[in-house]
Amino acid sequence: MDFAGKVAVITGAASGIGRGLAERGHARGLKLVLADRDAAALAALAASLDGAIAVPTDVADPASVSALADAAWDAFGGVDLLFNNAGIMATGYVWEIEPARWDASINVNLKGILHGIRSFVPRMIAQGRGHVINTASIGGFAASPLMAPYSVTKAAAVAITESLHAELVMIGAPVGVSLLAPGPVKTAIFDNPFGEIANPAAEGFVKELRHMLDTYGLESAPFADKVYEALAEGQFWIVPQPEALDPMFKARVETILERRTPSFSWNGGDPVDG
């Protein structure tokens with residue numbers, strides 16, 4: 001895949017992974033349509049990237065995503081890459097997370113992808129080209145304590161991406177699909193992920209997350225470079241940090257095949273079953 005002159009739409013572009021994809025995509029010659037609900041941060045980013053346009057967008061709102069597609073086609077006459085990247089995290093114990101926070105996670109992390117597919121894929125099929133990249137997470141393959149809404153919606157992101165790929169192949173559509181599975185990326189999401197949860201086990205889990213971030217974490221720019229390299233090779237499974245994720249994938253599959261109860265390690269110590 002040659003990126004120069006192609007058009008990319010990136011949701012969640014104002015910060016984190018989305019910002020890295022925007023900045024490194026611009027360096028590769030992409031024409032950018034940047035979307036985020038933080039209009040001020042989005043405008044500032046677009047101003048720093050020559051030729052990029054900012055379209056404030058709430059991916060939880062199907063009409064807003066449809067308007068994003070209209071803006072992209074109006075500006076550039078087509079879209080080559082759609083990064084369904086916007087995401088949020090709700091944390092806490094499963095039984096204590098309020099319904100509104102569950103709904104927000106589902107609306108952004110899952111329905112945001114669905115709205116992107118519905119608004120862009122038919123137009124991509126009609127124009128005879130396009131590629132959709134959905135951002136999932138390690139949490140989409142290995143469910144985590146204290147992040148149930150995130151794990152649930154990212155697992156759904158994996159499923160919808162595989163279904164979309166199968167359907168496009170089934171009808172012979174000239175549209176590709178990739179699943180982006182990030183490991184730890186150095187963004188603000190780890191600053192205080194679980195708020196005021198006062199529990200030694202929860203505190204230990206936070207320490208484990210931060211250890212993983214220190215050991216395997218990438219800044220958003222080199223992370224984005226790995227994403228574009230994988231896209232250039234036509235990969236479906238984009239795993240920029242295989243050294244961190246592959247052992248977890250393997251352990252997950254073995255746990256299922258051996259019918260073992262899942263276990264988690266706290267503070268780097270022995271696993272605790274249940």
# chains A, B, ... in the order shown; residues from 1 in each chain; ligands from 1
>>> residues_around(residues="A:Lys111", least_positions_apart="5", cutoff="12 Å", atoms="only C-alpha atoms", output="ChimeraX atom specification")
/A:58-62,65,84-87,103-106,116-119,134,153-154,156-157,160
>>> residues_around(residues="A:Pro242", least_positions_apart="3", cutoff="10 Å", atoms="only C-alpha atoms", output="ChimeraX atom specification")
/A:181-183,216,238-239,245-249
>>> write_last_selection(atoms="C-alpha atoms", output="PDB file, in the first residue's frame")
ATOM      1  CA  ALA A 181      -4.609  -4.687  18.652  1.00  0.00           C
ATOM      2  CA  PRO A 182      -2.498  -2.268  20.702  1.00  0.00           C
ATOM      3  CA  GLY A 183      -0.525  -3.263  23.735  1.00  0.00           C
ATOM      4  CA  TYR A 216       6.711  -2.665  26.571  1.00  0.00           C
ATOM      5  CA  ILE A 238      -1.941  -5.606  13.272  1.00  0.00           C
ATOM      6  CA  VAL A 239      -0.078  -6.291  16.518  1.00  0.00           C
ATOM      7  CA  LEU A 245       0.848  -9.634  23.422  1.00  0.00           C
ATOM      8  CA  ASP A 246       1.832 -12.963  21.882  1.00  0.00           C
ATOM      9  CA  PRO A 247       2.545 -14.702  25.234  1.00  0.00           C
ATOM     10  CA  MET A 248      -0.861 -13.514  26.479  1.00  0.00           C
ATOM     11  CA  PHE A 249      -2.607 -14.739  23.338  1.00  0.00           C
TER      12      PHE A 249
END
>>> closest_residue(among="A:Val177, A:Thr135, A:Ser144, A:Trp73", to="A:Val206", atoms="only C-alpha atoms")
A:Ser144
>>> closest_residue(among="A:Met170, A:Ile17, A:Leu68, A:Ala46", to="A:Leu218", atoms="only C-alpha atoms")
A:Ile17
>>> closest_residue(among="A:Leu30, A:Ala136, A:Ile53, A:Ala39", to="A:Tyr150", atoms="only C-alpha atoms")
A:Ala136
>>> closest_residue(among="A:Asp80, A:Glu258, A:Glu23, A:Asp2", to="A:Leu49", atoms="only C-alpha atoms")
A:Glu23
>>> closest_residue(among="A:Leu110, A:Gly204, A:Ser178, A:Lys250", to="A:Ala166", atoms="only C-alpha atoms")
A:Ser178
>>> residues_around(residues="A:Thr11", least_positions_apart="2", cutoff="7 Å", atoms="only C-alpha atoms", output="PyMOL selection string")
chain A and resi 9+13+18+34-36+83-86
>>> residues_around(residues="A:Pro240", least_positions_apart="4", cutoff="7 Å", atoms="only C-alpha atoms", output="list in words")
Pro182, Phe223, Lys226 and Val227 of chain A
>>> closest_residue(among="A:Arg129, A:Lys186, A:His115, A:Lys6", to="A:Pro222", atoms="only C-alpha atoms")
A:Lys186
>>> select_by_dssp(residues="stretch 135-253 of chain A", states="strand (DSSP E or B)", output="short mmCIF file (atom, residue, chain, number, x, y, z; two decimals) with C-alpha atoms, in the first residue's frame")
data_model
loop_
_atom_site.label_atom_id
_atom_site.label_comp_id
_atom_site.auth_asym_id
_atom_site.auth_seq_id
_atom_site.Cartn_x
_atom_site.Cartn_y
_atom_site.Cartn_z
CA THR A 135 -8.89 -0.38 16.94
CA GLY A 176 -9.89 -4.45 2.90
CA VAL A 177 -10.09 -4.77 6.68
CA SER A 178 -7.55 -4.81 9.48
CA LEU A 179 -7.81 -5.31 13.24
CA LEU A 180 -5.45 -3.13 15.28
CA VAL A 185 0.83 2.87 24.62
CA LEU A 218 5.51 2.79 23.07
CA TRP A 237 -3.91 -8.74 12.43
CA ILE A 238 -1.94 -5.61 13.27
#
>>> atom_distance(atom1="atom CA of A:Ala63", atom2="atom CA of A:Gly139")
28.5 Å
>>> select_by_dssp(residues="stretch 52-170 of chain A", states="helix (DSSP H, G or I)", output="PyMOL selection string")
chain A and resi 62-76+99-127+138-140+148-170
>>> write_last_selection(atoms="C-alpha atoms", output="compact mmCIF listing (two decimals), in the first residue's frame")
# COMPACT_ATOMS: atom_id res chain seq x y z
CA PRO A 62 -24.82 7.91 13.86
CA ALA A 63 -25.86 11.23 12.32
CA SER A 64 -22.55 12.79 13.38
CA VAL A 65 -20.57 9.96 11.76
CA SER A 66 -22.66 10.23 8.60
CA ALA A 67 -21.85 13.94 8.50
CA LEU A 68 -18.16 13.04 8.86
CA ALA A 69 -18.40 10.83 5.79
CA ASP A 70 -20.15 13.61 3.86
CA ALA A 71 -17.39 16.05 4.84
CA ALA A 72 -14.66 13.64 3.71
CA TRP A 73 -16.23 13.00 0.31
CA ASP A 74 -17.00 16.70 -0.16
CA ALA A 75 -13.40 17.66 0.61
CA PHE A 76 -11.52 14.93 -1.24
CA PRO A 99 -25.53 1.80 33.67
CA ALA A 100 -24.75 5.19 32.11
CA ARG A 101 -21.02 4.41 32.10
CA TRP A 102 -21.67 1.00 30.54
CA ASP A 103 -23.82 2.67 27.89
CA ALA A 104 -21.13 5.26 27.15
CA SER A 105 -18.51 2.55 26.60
CA ILE A 106 -20.80 0.55 24.33
CA ASN A 107 -21.84 3.63 22.38
CA VAL A 108 -18.28 4.80 21.70
CA ASN A 109 -16.16 1.64 21.60
CA LEU A 110 -18.59 -0.62 19.77
CA LYS A 111 -21.32 1.46 18.16
CA GLY A 112 -18.73 4.03 17.09
CA ILE A 113 -17.16 1.33 14.93
CA LEU A 114 -20.56 0.19 13.68
CA HIS A 115 -21.53 3.75 12.73
CA GLY A 116 -18.23 4.11 10.87
CA ILE A 117 -18.85 0.90 8.94
CA ARG A 118 -22.40 1.88 8.04
CA SER A 119 -21.42 5.38 6.90
CA PHE A 120 -18.22 4.57 4.99
CA VAL A 121 -18.20 0.99 3.73
CA PRO A 122 -21.08 1.30 1.21
CA ARG A 123 -19.36 4.34 -0.30
CA MET A 124 -16.04 2.49 -0.40
CA ILE A 125 -17.67 -0.42 -2.19
CA ALA A 126 -19.24 1.99 -4.69
CA GLN A 127 -15.95 3.80 -5.35
CA ILE A 138 -5.22 -6.56 24.22
CA GLY A 139 -8.37 -6.33 26.33
CA GLY A 140 -10.31 -7.71 23.37
CA ALA A 148 -15.06 -4.95 32.20
CA PRO A 149 -16.73 -2.36 29.92
CA TYR A 150 -13.45 -1.90 28.06
CA SER A 151 -12.79 -5.63 27.72
CA VAL A 152 -16.38 -6.35 26.67
CA THR A 153 -16.48 -3.67 23.98
CA LYS A 154 -12.99 -4.43 22.67
CA ALA A 155 -13.88 -8.12 22.37
CA ALA A 156 -16.91 -6.99 20.38
CA ALA A 157 -14.62 -4.86 18.20
CA VAL A 158 -12.63 -7.99 17.36
CA ALA A 159 -15.79 -9.89 16.45
CA ILE A 160 -17.30 -7.16 14.30
CA THR A 161 -14.00 -6.74 12.44
CA GLU A 162 -13.76 -10.44 11.64
CA SER A 163 -17.41 -10.49 10.55
CA LEU A 164 -16.92 -7.47 8.31
CA HIS A 165 -13.86 -9.03 6.69
CA ALA A 166 -15.74 -12.29 6.02
CA GLU A 167 -18.72 -10.48 4.52
CA LEU A 168 -16.62 -8.31 2.21
CA VAL A 169 -14.74 -11.39 1.00
CA MET A 170 -18.06 -13.20 0.57
>>> decode(residues="stretch 29-58 of chain A", atoms="N, CA and C atoms", output="mmCIF file, in the first residue's frame")
data_model
loop_
_atom_site.group_PDB
_atom_site.id
_atom_site.type_symbol
_atom_site.label_atom_id
_atom_site.label_comp_id
_atom_site.auth_asym_id
_atom_site.auth_seq_id
_atom_site.Cartn_x
_atom_site.Cartn_y
_atom_site.Cartn_z
ATOM 1 N N GLY A 29 2.453 11.361 3.606
ATOM 2 C CA GLY A 29 1.776 11.973 2.477
ATOM 3 C C GLY A 29 0.290 11.764 2.423
ATOM 4 N N LEU A 30 -0.311 11.281 3.498
ATOM 5 C CA LEU A 30 -1.758 11.106 3.516
ATOM 6 C C LEU A 30 -2.474 12.453 3.592
ATOM 7 N N LYS A 31 -3.612 12.535 2.930
ATOM 8 C CA LYS A 31 -4.543 13.644 3.126
ATOM 9 C C LYS A 31 -5.475 13.240 4.266
ATOM 10 N N LEU A 32 -5.628 14.110 5.248
ATOM 11 C CA LEU A 32 -6.256 13.711 6.491
ATOM 12 C C LEU A 32 -7.595 14.398 6.761
ATOM 13 N N VAL A 33 -8.556 13.592 7.207
ATOM 14 C CA VAL A 33 -9.814 14.086 7.756
ATOM 15 C C VAL A 33 -9.818 13.632 9.211
ATOM 16 N N LEU A 34 -9.705 14.582 10.119
ATOM 17 C CA LEU A 34 -9.515 14.282 11.534
ATOM 18 C C LEU A 34 -10.822 14.497 12.293
ATOM 19 N N ALA A 35 -11.176 13.519 13.118
ATOM 20 C CA ALA A 35 -12.437 13.577 13.849
ATOM 21 C C ALA A 35 -12.192 13.335 15.332
ATOM 22 N N ASP A 36 -12.904 14.086 16.152
ATOM 23 C CA ASP A 36 -12.837 13.924 17.599
ATOM 24 C C ASP A 36 -13.949 14.784 18.186
ATOM 25 N N ARG A 37 -14.382 14.467 19.409
ATOM 26 C CA ARG A 37 -15.389 15.308 20.035
ATOM 27 C C ARG A 37 -14.772 16.493 20.772
ATOM 28 N N ASP A 38 -13.442 16.503 20.928
ATOM 29 C CA ASP A 38 -12.741 17.648 21.511
ATOM 30 C C ASP A 38 -12.391 18.612 20.374
ATOM 31 N N ALA A 39 -13.295 19.525 20.094
ATOM 32 C CA ALA A 39 -13.168 20.381 18.912
ATOM 33 C C ALA A 39 -11.938 21.266 18.976
ATOM 34 N N ALA A 40 -11.604 21.788 20.145
ATOM 35 C CA ALA A 40 -10.468 22.700 20.255
ATOM 36 C C ALA A 40 -9.155 21.973 19.999
ATOM 37 N N ALA A 41 -8.963 20.831 20.641
ATOM 38 C CA ALA A 41 -7.736 20.062 20.436
ATOM 39 C C ALA A 41 -7.644 19.573 18.999
ATOM 40 N N LEU A 42 -8.777 19.216 18.417
ATOM 41 C CA LEU A 42 -8.805 18.747 17.036
ATOM 42 C C LEU A 42 -8.386 19.855 16.076
ATOM 43 N N ALA A 43 -8.917 21.054 16.289
ATOM 44 C CA ALA A 43 -8.562 22.193 15.420
ATOM 45 C C ALA A 43 -7.083 22.507 15.516
ATOM 46 N N ALA A 44 -6.527 22.444 16.720
ATOM 47 C CA ALA A 44 -5.105 22.726 16.901
ATOM 48 C C ALA A 44 -4.252 21.701 16.164
ATOM 49 N N LEU A 45 -4.640 20.433 16.233
ATOM 50 C CA LEU A 45 -3.884 19.404 15.527
ATOM 51 C C LEU A 45 -3.963 19.604 14.022
ATOM 52 N N ALA A 46 -5.165 19.848 13.518
ATOM 53 C CA ALA A 46 -5.325 20.040 12.077
ATOM 54 C C ALA A 46 -4.514 21.230 11.577
ATOM 55 N N ALA A 47 -4.440 22.275 12.381
ATOM 56 C CA ALA A 47 -3.675 23.459 11.991
ATOM 57 C C ALA A 47 -2.188 23.163 11.878
ATOM 58 N N SER A 48 -1.726 22.152 12.621
ATOM 59 C CA SER A 48 -0.304 21.810 12.593
ATOM 60 C C SER A 48 0.052 20.860 11.457
ATOM 61 N N LEU A 49 -0.947 20.334 10.763
ATOM 62 C CA LEU A 49 -0.731 19.366 9.693
ATOM 63 C C LEU A 49 -1.290 19.944 8.396
ATOM 64 N N ASP A 50 -0.426 20.400 7.556
ATOM 65 C CA ASP A 50 -0.829 21.109 6.345
ATOM 66 C C ASP A 50 -1.814 20.285 5.513
ATOM 67 N N GLY A 51 -2.945 20.897 5.204
ATOM 68 C CA GLY A 51 -3.946 20.259 4.353
ATOM 69 C C GLY A 51 -4.962 19.418 5.075
ATOM 70 N N ALA A 52 -4.734 19.158 6.371
ATOM 71 C CA ALA A 52 -5.695 18.350 7.127
ATOM 72 C C ALA A 52 -6.944 19.162 7.436
ATOM 73 N N ILE A 53 -8.078 18.482 7.504
ATOM 74 C CA ILE A 53 -9.301 19.161 7.886
ATOM 75 C C ILE A 53 -9.833 18.537 9.179
ATOM 76 N N ALA A 54 -10.430 19.363 10.012
ATOM 77 C CA ALA A 54 -10.983 18.928 11.285
ATOM 78 C C ALA A 54 -12.497 18.887 11.197
ATOM 79 N N VAL A 55 -13.065 17.755 11.611
ATOM 80 C CA VAL A 55 -14.525 17.600 11.612
ATOM 81 C C VAL A 55 -14.934 17.129 13.006
ATOM 82 N N PRO A 56 -15.323 18.040 13.894
ATOM 83 C CA PRO A 56 -15.764 17.602 15.226
ATOM 84 C C PRO A 56 -16.863 16.555 15.098
ATOM 85 N N THR A 57 -16.665 15.427 15.775
ATOM 86 C CA THR A 57 -17.541 14.276 15.583
ATOM 87 C C THR A 57 -17.741 13.534 16.894
ATOM 88 N N ASP A 58 -18.971 13.140 17.151
ATOM 89 C CA ASP A 58 -19.290 12.245 18.260
ATOM 90 C C ASP A 58 -19.611 10.892 17.647
#
